[in-house]
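Novice: Sharing start-v6.pdb here; it has PDB, C-alpha atoms.
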```pdb
ATOM      1  CA  MET A   1       0.000   0.000   0.000
ATOM      2  CA  ASN A   2       2.672   2.522   0.982
ATOM      3  CA  GLU A   3       4.484   2.227  -2.367
ATOM      4  CA  ASP A   4       1.554   3.815  -4.230
ATOM      5  CA  PHE A   5       0.291   6.014  -1.394
ATOM      6  CA  ARG A   6       0.540   9.733  -2.186
ATOM      7  CA  LEU A   7       1.405  11.684   0.941
ATOM      8  CA  LEU A   8       2.480  15.264   1.548
ATOM      9  CA  MET A   9       3.841  15.850   5.043
ATOM     10  CA  ILE A  10       4.154  19.473   6.133
ATOM     11  CA  SER A  11       6.772  20.401   8.703
ATOM     12  CA  ALA A  12       7.805  23.644  10.378
ATOM     13  CA  MET A  13       9.546  24.730  13.544
ATOM     14  CA  TYR A  14       7.083  26.069  16.108
ATOM     15  CA  GLU A  15       5.364  29.313  15.031
ATOM     16  CA  ASN A  16       6.941  29.130  11.585
ATOM     17  CA  GLY A  17       3.679  28.918   9.665
ATOM     18  CA  GLY A  18       3.051  25.191   9.433
ATOM     19  CA  ASN A  19      -0.507  25.463  10.741
ATOM     20  CA  THR A  20      -1.208  28.437   8.465
ATOM     21  CA  THR A  21       0.031  26.550   5.398
ATOM     22  CA  HIS A  22      -1.915  23.462   6.447
ATOM     23  CA  ARG A  23      -5.123  25.516   6.676
ATOM     24  CA  LEU A  24      -4.473  27.204   3.316
ATOM     25  CA  LEU A  25      -4.278  23.768   1.684
ATOM     26  CA  ASP A  26      -7.408  22.555   3.491
ATOM     27  CA  GLY A  27     -10.004  23.523   0.879
ATOM     28  CA  HIS A  28      -8.153  22.151  -2.140
ATOM     29  CA  PRO A  29     -10.499  19.730  -3.952
ATOM     30  CA  GLU A  30      -7.726  17.240  -4.759
ATOM     31  CA  LEU A  31      -6.348  16.932  -1.231
ATOM     32  CA  PHE A  32      -7.330  14.878   1.808
ATOM     33  CA  VAL A  33      -6.194  17.373   4.448
ATOM     34  CA  TYR A  34      -5.905  16.035   7.986
ATOM     35  CA  PRO A  35      -8.224  17.997  10.333
ATOM     36  CA  PHE A  36      -5.644  18.745  13.033
ATOM     37  CA  GLU A  37      -1.944  18.210  13.570
ATOM     38  CA  SER A  38      -1.273  14.632  12.514
ATOM     39  CA  GLN A  39       0.893  13.710  15.487
ATOM     40  CA  LEU A  40       2.021  10.288  14.263
ATOM     41  CA  GLY A  41       4.824   9.651  16.743
ATOM     42  CA  THR A  42       4.872   6.838  19.290
ATOM     43  CA  SER A  43       6.545   6.361  22.666
ATOM     44  CA  LEU A  44       9.084   4.013  21.035
ATOM     45  CA  VAL A  45      10.840   6.927  19.308
ATOM     46  CA  GLN A  46      14.178   7.078  21.107
ATOM     47  CA  ASP A  47      17.228   8.664  19.490
ATOM     48  CA  HIS A  48      19.629  11.610  19.721
ATOM     49  CA  LEU A  49      16.805  14.094  19.016
ATOM     50  CA  THR A  50      14.355  12.818  21.627
ATOM     51  CA  SER A  51      15.505  15.302  24.271
ATOM     52  CA  MET A  52      14.986  18.217  21.886
ATOM     53  CA  PHE A  53      11.634  17.499  20.223
ATOM     54  CA  PRO A  54       8.459  15.810  21.574
ATOM     55  CA  VAL A  55       8.065  12.257  20.305
ATOM     56  CA  LYS A  56       4.475  12.966  19.216
ATOM     57  CA  TYR A  57       5.891  15.112  16.392
ATOM     58  CA  ARG A  58       8.377  12.481  15.174
ATOM     59  CA  TRP A  59       8.002   9.759  12.564
ATOM     60  CA  PRO A  60       6.620   6.681  14.337
ATOM     61  CA  VAL A  61       8.390   3.558  15.530
ATOM     62  CA  PHE A  62       6.333   0.374  15.962
ATOM     63  CA  PRO A  63       7.260  -2.801  17.901
ATOM     64  CA  LEU A  64       8.331  -5.809  15.847
ATOM     65  CA  GLU A  65       6.116  -8.108  17.923
ATOM     66  CA  GLY A  66       3.067  -5.848  17.733
ATOM     67  CA  ASP A  67      -0.337  -6.197  16.120
ATOM     68  CA  GLY A  68      -2.773  -3.911  14.344
ATOM     69  CA  ILE A  69      -4.730  -2.674  17.341
ATOM     70  CA  GLY A  70      -1.510  -2.069  19.274
ATOM     71  CA  ASP A  71      -0.086  -0.110  16.342
ATOM     72  CA  PHE A  72      -3.206   2.047  16.171
ATOM     73  CA  ARG A  73      -3.239   2.778  19.880
ATOM     74  CA  SER A  74       0.474   3.616  19.943
ATOM     75  CA  ILE A  75       0.082   6.559  17.519
ATOM     76  CA  ILE A  76      -0.222   9.600  19.781
ATOM     77  CA  ASP A  77      -2.423  11.798  17.540
ATOM     78  CA  GLU A  78      -3.348  13.843  20.590
ATOM     79  CA  GLU A  79      -5.401  16.618  18.994
ATOM     80  CA  CYS A  80      -7.706  14.335  17.023
ATOM     81  CA  LYS A  81      -8.160  11.747  19.767
ATOM     82  CA  VAL A  82      -8.956  14.371  22.414
ATOM     83  CA  ARG A  83     -11.518  16.023  20.111
ATOM     84  CA  ALA A  84     -13.102  12.646  19.304
ATOM     85  CA  ARG A  85     -13.072  11.073  22.777
ATOM     86  CA  THR A  86     -13.351  14.024  25.190
ATOM     87  CA  PRO A  87     -14.611  16.918  23.063
ATOM     88  CA  HIS A  88     -15.524  19.099  26.062
ATOM     89  CA  VAL A  89     -11.822  19.619  26.858
ATOM     90  CA  SER A  90     -10.632  20.028  23.273
ATOM     91  CA  LYS A  91      -9.565  23.445  22.013
ATOM     92  CA  PHE A  92     -11.458  22.500  18.830
ATOM     93  CA  ARG A  93     -14.740  21.718  20.592
ATOM     94  CA  HIS A  94     -16.508  24.566  18.759
ATOM     95  CA  MET A  95     -15.922  22.885  15.366
ATOM     96  CA  ALA A  96     -18.485  20.335  14.176
ATOM     97  CA  PHE A  97     -16.627  17.025  13.918
ATOM     98  CA  ASP A  98     -18.691  13.890  13.309
ATOM     99  CA  PHE A  99     -16.014  11.311  13.940
ATOM    100  CA  SER A 100     -15.643   8.043  15.860
ATOM    101  CA  ASP A 101     -12.154   7.019  16.937
ATOM    102  CA  GLU A 102     -13.452   3.495  17.558
ATOM    103  CA  GLU A 103     -14.681   3.278  13.981
ATOM    104  CA  ARG A 104     -11.308   4.549  12.807
ATOM    105  CA  CYS A 105      -9.622   1.794  14.805
ATOM    106  CA  THR A 106     -11.878  -0.822  13.185
ATOM    107  CA  ARG A 107     -11.174   0.551   9.701
ATOM    108  CA  PHE A 108      -7.442   0.680  10.488
ATOM    109  CA  GLN A 109      -7.358  -2.984  11.441
ATOM    110  CA  TRP A 110      -9.389  -4.003   8.389
ATOM    111  CA  HIS A 111      -7.070  -2.206   5.976
ATOM    112  CA  LEU A 112      -3.952  -3.397   7.784
ATOM    113  CA  ASN A 113      -5.040  -7.032   7.591
ATOM    114  CA  ALA A 114      -5.114  -6.625   3.812
ATOM    115  CA  ALA A 115      -1.955  -4.536   3.466
ATOM    116  CA  GLY A 116       0.312  -6.123   6.092
ATOM    117  CA  ARG A 117       2.140  -4.419   8.938
ATOM    118  CA  SER A 118       5.049  -2.098   8.196
ATOM    119  CA  ARG A 119       5.841   1.452   9.217
ATOM    120  CA  GLY A 120       4.766   2.822   5.847
ATOM    121  CA  ASN A 121       1.620   0.721   5.650
ATOM    122  CA  ASN A 122       0.670   1.630   9.217
ATOM    123  CA  VAL A 123       0.869   5.338   8.409
ATOM    124  CA  ALA A 124      -0.968   4.997   5.097
ATOM    125  CA  VAL A 125      -3.750   2.963   6.716
ATOM    126  CA  PHE A 126      -4.001   5.466   9.576
ATOM    127  CA  PHE A 127      -4.630   8.317   7.142
ATOM    128  CA  ARG A 128      -7.081   6.291   5.057
ATOM    129  CA  ALA A 129      -9.052   5.131   8.103
ATOM    130  CA  THR A 130      -9.214   8.685   9.475
ATOM    131  CA  PHE A 131     -11.006  10.009   6.412
ATOM    132  CA  GLU A 132     -13.337   7.017   6.242
ATOM    133  CA  ALA A 133     -14.404   7.630   9.858
ATOM    134  CA  TRP A 134     -14.918  11.391   9.368
ATOM    135  CA  LYS A 135     -18.616  11.526   8.484
ATOM    136  CA  ASN A 136     -19.219  15.252   8.014
ATOM    137  CA  ARG A 137     -16.136  15.959   5.908
ATOM    138  CA  ARG A 138     -16.889  18.123   2.899
ATOM    139  CA  ALA A 139     -15.566  15.966   0.063
ATOM    140  CA  SER A 140     -15.187  16.760  -3.630
ATOM    141  CA  GLY A 141     -14.715  13.172  -4.790
ATOM    142  CA  ARG A 142     -11.533  14.256  -6.587
ATOM    143  CA  GLU A 143      -9.094  13.837  -3.697
ATOM    144  CA  ALA A 144      -5.854  12.060  -4.592
ATOM    145  CA  VAL A 145      -3.136  13.168  -2.136
ATOM    146  CA  TYR A 146      -3.205  12.915   1.669
ATOM    147  CA  VAL A 147      -1.804  15.901   3.584
ATOM    148  CA  GLY A 148      -0.546  15.765   7.141
ATOM    149  CA  TYR A 149       1.155  18.338   9.324
ATOM    150  CA  SER A 150       3.402  17.657  12.268
ATOM    151  CA  PRO A 151       5.792  20.291  13.626
ATOM    152  CA  ILE A 152       9.504  19.530  13.089
ATOM    153  CA  VAL A 153       8.843  16.174  11.367
ATOM    154  CA  ALA A 154      11.226  17.267   8.602
ATOM    155  CA  VAL A 155      14.008  16.021  10.891
ATOM    156  CA  ASP A 156      12.784  12.539   9.861
ATOM    157  CA  ALA A 157      12.319  13.346   6.171
ATOM    158  CA  ASP A 158      14.648  10.557   5.056
ATOM    159  CA  LYS A 159      12.408   7.993   6.762
ATOM    160  CA  ILE A 160       9.218   9.544   5.363
ATOM    161  CA  LEU A 161      10.496   9.591   1.797
ATOM    162  CA  ASP A 162      11.940   6.081   2.078
ATOM    163  CA  ASP A 163       8.586   4.789   3.314
ATOM    164  CA  PHE A 164       6.625   6.561   0.564
ATOM    165  CA  PRO A 165       8.303   6.496  -2.864
ATOM    166  CA  LYS A 166       5.562   8.808  -4.181
ATOM    167  CA  GLY A 167       5.605  11.006  -1.092
ATOM    168  CA  HIS A 168       6.744  14.589  -0.580
ATOM    169  CA  VAL A 169       7.784  16.714   2.397
ATOM    170  CA  LEU A 170       7.176  20.459   2.614
ATOM    171  CA  HIS A 171       9.251  22.416   5.105
ATOM    172  CA  VAL A 172       7.897  25.887   5.944
ATOM    173  CA  VAL A 173      10.357  28.419   7.363
ATOM    174  CA  ARG A 174       9.689  31.839   8.846
ATOM    175  CA  ASN A 175      12.117  34.566   9.832
ATOM    176  CA  PRO A 176      13.416  33.748  13.330
ATOM    177  CA  TRP A 177      12.495  37.122  14.875
ATOM    178  CA  SER A 178       8.764  36.852  14.181
ATOM    179  CA  ALA A 179       8.814  33.146  14.967
ATOM    180  CA  TYR A 180      10.396  33.618  18.377
ATOM    181  CA  ALA A 181       8.223  36.646  19.184
ATOM    182  CA  ASP A 182       5.122  34.547  18.590
ATOM    183  CA  HIS A 183       6.613  31.601  20.481
ATOM    184  CA  LYS A 184       7.055  33.829  23.544
ATOM    185  CA  LYS A 185       3.259  34.150  23.692
ATOM    186  CA  ARG A 186       2.888  30.497  24.646
ATOM    187  CA  PRO A 187       2.036  29.773  28.292
ATOM    188  CA  VAL A 188       5.401  28.042  28.820
ATOM    189  CA  PRO A 189       7.744  29.075  26.011
ATOM    190  CA  LEU A 190      11.220  27.741  25.381
ATOM    191  CA  SER A 191      14.136  29.989  26.229
ATOM    192  CA  LEU A 192      15.562  32.048  23.387
ATOM    193  CA  SER A 193      18.692  29.892  23.196
ATOM    194  CA  ARG A 194      16.798  26.607  23.130
ATOM    195  CA  TYR A 195      14.230  27.872  20.637
ATOM    196  CA  LEU A 196      16.888  29.132  18.240
ATOM    197  CA  LEU A 197      18.820  25.876  18.537
ATOM    198  CA  GLY A 198      15.701  24.026  17.378
ATOM    199  CA  TRP A 199      15.034  26.590  14.644
ATOM    200  CA  ALA A 200      18.599  26.326  13.339
ATOM    201  CA  LEU A 201      18.633  22.532  13.423
ATOM    202  CA  ASN A 202      15.400  22.433  11.438
ATOM    203  CA  GLN A 203      16.886  24.677   8.737
ATOM    204  CA  HIS A 204      20.149  22.711   8.649
ATOM    205  CA  LEU A 205      18.371  19.401   8.082
ATOM    206  CA  ALA A 206      15.846  20.912   5.663
ATOM    207  CA  LEU A 207      18.586  22.298   3.420
ATOM    208  CA  GLN A 208      20.416  18.981   3.593
ATOM    209  CA  TYR A 209      17.328  16.938   2.692
ATOM    210  CA  ARG A 210      16.411  19.250  -0.176
ATOM    211  CA  SER A 211      19.789  18.380  -1.720
ATOM    212  CA  ARG A 212      19.384  14.671  -1.009
ATOM    213  CA  PHE A 213      15.811  14.421  -2.301
ATOM    214  CA  PRO A 214      15.504  16.921  -5.170
ATOM    215  CA  GLY A 215      11.937  17.374  -6.357
ATOM    216  CA  ARG A 216      10.506  15.607  -3.307
ATOM    217  CA  PHE A 217      11.664  17.772  -0.400
ATOM    218  CA  HIS A 218      10.441  21.356  -0.725
ATOM    219  CA  ILE A 219      11.243  24.510   1.266
ATOM    220  CA  LEU A 220       8.901  27.493   1.226
ATOM    221  CA  ARG A 221       9.243  30.687   3.224
ATOM    222  CA  LEU A 222       6.154  31.948   4.996
ATOM    223  CA  GLU A 223       7.167  35.416   3.794
ATOM    224  CA  ASP A 224       6.650  34.202   0.212
ATOM    225  CA  ILE A 225       3.453  32.286   0.908
ATOM    226  CA  LEU A 226       1.536  35.085   2.634
ATOM    227  CA  PRO A 227       1.576  37.716  -0.159
ATOM    228  CA  ASN A 228       0.371  35.259  -2.815
ATOM    229  CA  PRO A 229      -0.638  31.821  -1.495
ATOM    230  CA  VAL A 230      -2.466  30.898  -4.701
ATOM    231  CA  LYS A 231       0.709  31.312  -6.759
ATOM    232  CA  VAL A 232       3.255  29.960  -4.277
ATOM    233  CA  LEU A 233       1.244  26.988  -2.995
ATOM    234  CA  GLY A 234      -0.041  26.429  -6.517
ATOM    235  CA  GLY A 235       3.546  25.746  -7.519
ATOM    236  CA  LEU A 236       3.838  23.202  -4.729
ATOM    237  CA  CYS A 237       0.580  21.577  -5.870
ATOM    238  CA  ARG A 238       1.936  21.142  -9.376
ATOM    239  CA  ALA A 239       5.098  19.579  -7.927
ATOM    240  CA  ILE A 240       3.073  16.933  -6.074
ATOM    241  CA  GLY A 241       0.844  16.228  -9.068
ATOM    242  CA  VAL A 242      -2.370  18.157  -8.418
ATOM    243  CA  GLY A 243      -3.753  21.290 -10.012
ATOM    244  CA  PRO A 244      -3.817  24.836  -8.636
ATOM    245  CA  SER A 245      -6.919  26.116  -6.860
ATOM    246  CA  ARG A 246      -8.380  29.468  -5.843
ATOM    247  CA  THR A 247      -9.131  27.906  -2.454
ATOM    248  CA  LEU A 248      -5.449  28.377  -1.591
ATOM    249  CA  ALA A 249      -6.138  32.069  -1.000
ATOM    250  CA  THR A 250      -7.958  31.544   2.300
ATOM    251  CA  PRO A 251      -7.319  29.438   5.424
ATOM    252  CA  THR A 252     -10.164  26.991   6.056
ATOM    253  CA  TRP A 253     -11.098  24.034   8.182
ATOM    254  CA  ASN A 254     -13.172  21.345   6.484
ATOM    255  CA  GLY A 255     -13.623  23.842   3.671
ATOM    256  CA  ARG A 256     -15.105  26.552   5.912
ATOM    257  CA  ARG A 257     -13.330  29.882   6.034
ATOM    258  CA  LEU A 258     -11.426  30.792   9.215
ATOM    259  CA  SER A 259     -11.250  34.404  10.374
ATOM    260  CA  ASN A 260      -7.884  33.535  11.937
ATOM    261  CA  VAL A 261      -5.834  30.370  12.217
ATOM    262  CA  ALA A 262      -6.121  30.065  16.021
ATOM    263  CA  PRO A 263      -6.525  27.672  17.771
ATOM    264  CA  TRP A 264      -4.680  25.659  15.108
ATOM    265  CA  GLY A 265      -1.666  27.908  15.616
ATOM    266  CA  THR A 266      -0.513  31.106  17.311
ATOM    267  CA  ILE A 267      -0.305  33.146  14.092
ATOM    268  CA  ARG A 268      -3.645  34.942  14.325
ATOM    269  CA  ARG A 269      -3.189  37.438  11.483
ATOM    270  CA  ALA A 270      -1.514  35.739   8.541
ATOM    271  CA  THR A 271      -0.484  38.840   6.608
ATOM    272  CA  PRO A 272       2.928  40.229   5.553
ATOM    273  CA  ALA A 273       2.390  43.402   7.608
ATOM    274  CA  ALA A 274       1.506  41.472  10.749
ATOM    275  CA  ASN A 275       4.511  39.196  10.218
ATOM    276  CA  LYS A 276       6.890  42.176  10.108
ATOM    277  CA  ALA A 277       5.187  43.866  13.071
ATOM    278  CA  THR A 278       5.557  40.694  15.123
ATOM    279  CA  ALA A 279       9.338  40.689  14.622
ATOM    280  CA  LEU A 280       9.512  44.239  15.962
ATOM    281  CA  GLU A 281       7.766  43.215  19.187
ATOM    282  CA  LEU A 282      11.155  41.946  20.376
ATOM    283  CA  GLY A 283      13.436  44.328  22.194
ATOM    284  CA  ALA A 284      16.678  45.447  20.568
ATOM    285  CA  GLU A 285      18.837  43.062  22.622
ATOM    286  CA  GLU A 286      16.560  40.108  21.819
ATOM    287  CA  ARG A 287      16.589  40.954  18.119
ATOM    288  CA  GLU A 288      20.372  41.070  18.159
ATOM    289  CA  GLU A 289      20.676  37.729  19.958
ATOM    290  CA  VAL A 290      18.159  36.030  17.659
ATOM    291  CA  GLY A 291      20.117  37.274  14.648
ATOM    292  CA  ALA A 292      23.412  36.067  16.107
ATOM    293  CA  ARG A 293      22.097  32.582  16.868
ATOM    294  CA  ALA A 294      20.398  32.231  13.460
ATOM    295  CA  ALA A 295      23.260  33.861  11.551
ATOM    296  CA  PRO A 296      24.515  30.838   9.546
ATOM    297  CA  PHE A 297      21.106  30.475   7.895
ATOM    298  CA  LEU A 298      19.971  34.058   7.393
ATOM    299  CA  GLY A 299      21.790  34.509   4.108
ATOM    300  CA  LEU A 300      20.878  31.049   2.841
ATOM    301  CA  LEU A 301      17.181  31.740   3.447
ATOM    302  CA  GLY A 302      17.110  35.389   2.394
ATOM    303  CA  TYR A 303      16.582  36.948   5.840
ATOM    304  CA  ASN A 304      19.747  39.070   6.113
ATOM    305  CA  ARG A 305      17.839  42.343   5.757
ATOM    306  CA  PHE A 306      14.460  41.361   7.168
ATOM    307  CA  ILE A 307      14.484  43.765  10.134
ATOM    308  CA  LYS A 308      16.992  46.354   8.908
TER     309      LYS A 308
END
```
How does the structure come out when it is put into C-alpha cells?
Specialist:
Amino acid sequence: MNEDFRLLMISAMYENGGNTTHRLLDGHPELFVYPFESQLGTSLVQDHLTSMFPVKYRWPVFPLEGDGIGDFRSIIDEECKVRARTPHVSKFRHMAFDFSDEERCTRFQWHLNAAGRSRGNNVAVFFRATFEAWKNRRASGREAVYVGYSPIVAVDADKILDDFPKGHVLHVVRNPWSAYADHKKRPVPLSLSRYLLGWALNQHLALQYRSRFPGRFHILRLEDILPNPVKVLGGLCRAIGVGPSRTLATPTWNGRRLSNVAPWGTIRRATPAANKATALELGAEEREEVGARAAPFLGLLGYNRFIK
C-alpha cells in the first residue's frame, strides 16, 4: 500500500507557519487534508533528538512483535483523539466534527489485515481510516493526495520519503524574529537559546534533505506564501501532481473559512504586515541575539535584511 500512497507531510519549527500553510491547503479539492496536527509519533521513538523534540511530532516507531490494534493505539495523535473522545476539553470543541475514533480503529485494522504491517503501511492505513471515519467531511470526490502536518517532522524526512516512494515533504520556514516573538506568547515558552537551537537545526536538516531528495523535499518561506498563497502553494501543488486552486487564497477548516488560524496555531493574522510587526515586538537586545544565533542560515534563506 505505501508504495503507491501519495502523501504530503508538512513540517515547520514552532510558530513558523506550518498550521497556516496546512489551513491554506485545506479547501483544495484534490487533497485529503488532515483535520488537526497529525501527530504520528509513538513512545518508542528514542534517538539523539528525543531530548529536543516531543516524540508525538516524530516519525513513528512500531514494535516488531506488535499487532494492528496495538499499532493504532500507539500513535499519539493527541489533537484528534482528544476532540473525538473528550470533546468538552478540546480546544477544537466549537468545530463540528462527526467522527468516531473506535470506527477509525476498526477501519485501520481491516485495511492493515489486507496490506500487512510495516511502518509505511501503518501510516498509510491510519490516514485512510481517518477520512473514512470522518462523516461530516466536505468531500469533492476528486481527492488524490493525503496531507498531514506535524511540527519539526522534517528532521525525519529521510524515513518519510523512504517509506513513501511517491511522497513529498514540505518544510515551511519563517524569519526567526517573528517566529520567536510569537513563540514567547505560549504559556510556557522555550528559552531564546533553546528555541533558536531548534530553529537552526530544522533549517540545517531541511537544506540537507532538499539536496538529497531533489523534487521531493520542498522549502517554502512563509514570507513568500503570505503575499500570494495561490501562486506559491499552486507551484507546490503542481510539484506533487495536483492542479492549482483558488481555495489556496484563504485558510479553512473542512472547507469553511477561518477568520484567523487560532486555535490551530498562534499566528492569528496571517499577513505580511503582521509578520513584520511581530518581529519588531522583540526588544533590541533580543533581536540582536536572535540574529546572532540564526546567523549561519539568514543569508541562505534570504533573511539578512528582514528587520533592517
Novice: Just say which residues the PyMOL selection byres ((chain A and resi 178-187) around 7) picks in this file, as an mmCIF file with C-alpha atoms, in the frame of the given file.
Specialist:
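File out.cif, as written:
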```cif
data_model
loop_
_atom_site.group_PDB
_atom_site.id
_atom_site.type_symbol
_atom_site.label_atom_id
_atom_site.label_comp_id
_atom_site.auth_asym_id
_atom_site.auth_seq_id
_atom_site.Cartn_x
_atom_site.Cartn_y
_atom_site.Cartn_z
ATOM 1 C CA GLU A 15 5.364 29.313 15.031
ATOM 2 C CA ASN A 16 6.941 29.130 11.585
ATOM 3 C CA ARG A 174 9.689 31.839 8.846
ATOM 4 C CA ASN A 175 12.117 34.566 9.832
ATOM 5 C CA PRO A 176 13.416 33.748 13.330
ATOM 6 C CA TRP A 177 12.495 37.122 14.875
ATOM 7 C CA VAL A 188 5.401 28.042 28.820
ATOM 8 C CA PRO A 189 7.744 29.075 26.011
ATOM 9 C CA THR A 266 -0.513 31.106 17.311
ATOM 10 C CA ASN A 275 4.511 39.196 10.218
ATOM 11 C CA LYS A 276 6.890 42.176 10.108
ATOM 12 C CA THR A 278 5.557 40.694 15.123
ATOM 13 C CA ALA A 279 9.338 40.689 14.622
ATOM 14 C CA GLU A 281 7.766 43.215 19.187
ATOM 15 C CA LEU A 282 11.155 41.946 20.376
#
```
Novice: Select, from A:Arg73, A:Arg93, A:His171, A:Arg117, the residue with the minimum atom-to-atom distance to A:Leu8, counting only C-alpha atoms.
Specialist: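 Looking at the shortest contact to A:Leu8, the residue is A:His171.
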Novice: To one decimal in Å, tell me the separation between atom CA of A:Glu223 and atom CA of A:Tyr303.
Specialist: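 Going from atom CA of A:Glu223 over to atom CA of A:Tyr303 covers 9.8 Å.
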Novice: Report as a VMD selection string the residues that result from applying the PyMOL selection byres ((chain A and resi 205-215) around 9) to the structure here.
Specialist: chain A and resid 154 to 155 157 to 158 161 168 171 200 to 204 216 to 219 239 to 240
Novice: Running the PyMOL selection byres ((chain A and resi 262-265) around 10) on this model by hand, what would come out? Give it as a PyMOL selection string.
Specialist: chain A and resi 14-20+22-23+35-37+79+91-92+182+253+258-261+266-269
Novice: Nearest residue to A:Tyr57 out of A:Gly70, A:Gly283, A:Gly27, A:Pro151, using only C-alpha atoms?
Specialist: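 Among A:Gly70, A:Gly283, A:Gly27, A:Pro151, it is A:Pro151 that comes nearest to A:Tyr57.
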Novice: For A:Met52, which of A:Pro87, A:Arg257, A:Ile152, A:Asp26 is the closest residue, counting only C-alpha atoms?
Specialist: A:Ile152
Novice: Could you tell me which of A:Ile69, A:Leu40, A:Ile160, A:Val169 comes closest to A:Cys237 if we count all atoms listed in the file?
Specialist: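 Smallest separation from A:Cys237 among the options: A:Val169.
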